[in-house]
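Encoded as structure tokens, the structure appears first; notes follow it.
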Amino acid sequence: MKIAIFDVSHWHFPLYLSPLGDPGVEVVGISDTASFAGARFAQQLNCKLYESNEDLLKEDFDFALVFSRHSEMAALAERLIDRGIPFLIEKPCGLNLQEVRRVRQLAEHRGVYVSVPFIIRVSDLASRLSPAEGFTPEGFQHFSFRFIVGSVERYERNGCNWMLDKQHAGGGSLLNVGIHFIDLIASLTGAPITHVSAQSRTYRPDVTVDEQAVLSCQNAAGQIGVIETGYLYPSTAEDQRDFAFSVSHSTSYMRGYADQLHVKSRDQQQGRSTTVEYNTDEYYPVFLRRSWADLAQGRPPFAGLREAEHAIGVIEAAYRSAANGGAPQTVEHAL
């Protein structure tokens, strides 16, 4: 399988390197419009670095990985769809709901496979909260997730200053990290989120995206969730983020922090604790390999553009709410 990779300076790209060395995988070329990490990765992957996305698009390849600026994602996705080339595209897949919806509709019309790495879907956490573990979708009562990652300076250090500019990024911490938990709530419950209320805050005067946000939401089944995000954690290589959660279900109550999951059943006095891998970085290779397997077997993507469209609809409603002092907003859904 011949692979083309667009815009390798994205901070997530190094997390995908392992599958690119799998047997039968050949990277035919990469691009780097940020001119930051392209030369290093071209040497590491032993492939050609193309001067532009346009030049790379002219080459012959079977599958693409798209890591472009959010403001440039939709146009590149449409070019790939026009050629009938399957691809994985990082969330949010476009700058706004209108762009993501247009890409989704075009992909469905043309029958092109597009996966979106909502990587928590393939995580230990999702497995522990699945029906196989006794957690039926209708039994969930309340979700609370806190995911605080490193400061905005990390994007500047990694050549991704555009992530701090709303014109190019579309949003900040809520869009970048909160989107995973919006998708997780929807996937665990099997019901779309319909109503939201949110507040957000920015600290640096030269940053135009949210550095902190709190979202409360309710889905079509009446289940409630709270998501707190931020670019506030003093992260280091061995300690990158603050992640904690609690989930109430009709059968059990669960709490998680560090690498521990504590579950207390409704019919037991004593709870039990187990070790769980919460480091989301571990699941990007898993998701890419799953995408390739689904494509090869003719299955739809495990998570794709419809899921991305729903999540972006929730995010946009949340930003409208924050701009209006937290006033409740209704989420616009896919047609």
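Each chain of the structure tokens is named A, B, ... in the order shown, its residues numbered from 1; ligands are numbered from 1 in display order.
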
Next on the checklist: What's around Ala191 of chain A at 12 Å? Count only C-alpha atoms, leave out sequence neighbours fewer than 4 positions away in its own chain, and write the answer as a PyMOL selection string.
Outcome noted: chain A and resi 137-138+140+182-187+195+218-224+307+310+333

Contacts between segment 19-34 of chain A and segment 256-293 of chain A, please, where a residue of segment 256-293 of chain A counts if it comes within 9 Å (with only C-alpha atoms); show its shortest atom pair and distance in Å to one decimal, rows by chain and ascending number, as a Markdown table.
```
| residue | atom | partner | partner_atom | distance |
| --- | --- | --- | --- | --- |
| A:Pro285 | CA | A:Pro19 | CA | 6.0 |
| A:Val286 | CA | A:Pro19 | CA | 8.5 |
| A:Leu288 | CA | A:Pro19 | CA | 7.3 |
| A:Arg289 | CA | A:Pro19 | CA | 6.7 |
```

Print the selection's residues with N, CA and C atoms to a file, as a PDB file, in the first residue's frame.
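result-v5.pdb, freshly written:
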```pdb
ATOM      1  N   PRO A 285      -1.563   4.606  16.762  1.00  0.00           N
ATOM      2  CA  PRO A 285      -1.208   3.478  15.885  1.00  0.00           C
ATOM      3  C   PRO A 285      -2.313   2.420  15.816  1.00  0.00           C
ATOM      4  N   VAL A 286      -2.974   2.173  16.932  1.00  0.00           N
ATOM      5  CA  VAL A 286      -4.076   1.197  16.959  1.00  0.00           C
ATOM      6  C   VAL A 286      -5.175   1.630  15.997  1.00  0.00           C
ATOM      7  N   LEU A 288      -4.979   3.708  13.373  1.00  0.00           N
ATOM      8  CA  LEU A 288      -4.576   3.675  11.967  1.00  0.00           C
ATOM      9  C   LEU A 288      -4.606   2.255  11.428  1.00  0.00           C
ATOM     10  N   ARG A 289      -4.080   1.308  12.198  1.00  0.00           N
ATOM     11  CA  ARG A 289      -4.117  -0.088  11.743  1.00  0.00           C
ATOM     12  C   ARG A 289      -5.560  -0.578  11.632  1.00  0.00           C
TER      13      ARG A 289
END
```

Checklist entry - Which neighbours of Arg201 of chain A fall inside 7 Å, counting only C-alpha atoms, when residues of the same chain fewer than 5 positions from it are skipped, and could you give them as a list in words? => result Asp210, Glu211, Gln212 and Ala213 of chain A

Next on the checklist: Set the distance at 12 Å and use only C-alpha atoms: which residues neighbour Asp267 of chain A once local chain neighbours fewer than 6 positions away are removed? I'd like the list as a PyMOL selection string.
Outcome noted: chain A and resi 250-253

Keeping only N, CA and C atoms, write the selected residues to a file as a compact mmCIF listing (two decimals), in the first residue's frame.
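Just written: again_31.txt:
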```txt
# COMPACT_ATOMS: atom_id res chain seq x y z
N SER A 250 -26.35 2.71 35.97
CA SER A 250 -27.34 2.06 36.82
C SER A 250 -26.77 0.84 37.55
N THR A 251 -25.66 0.29 37.03
CA THR A 251 -25.06 -0.88 37.66
C THR A 251 -23.88 -0.54 38.56
N SER A 252 -23.15 0.55 38.25
CA SER A 252 -21.91 0.85 38.96
C SER A 252 -21.61 2.34 38.91
N TYR A 253 -20.66 2.73 39.76
CA TYR A 253 -20.09 4.07 39.71
C TYR A 253 -18.59 3.90 39.49
```

Next on the checklist: List the spatial neighbours of Ile89 of chain A as a list in words - criterion: any atom at most 7 Å away, only C-alpha atoms, same-chain residues fewer than 4 positions off excluded.
Outcome noted: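 Once the adjacent positions are removed, what remains is Leu65, Val66, Phe67, Cys93, Ser115 and Val116 of chain A.
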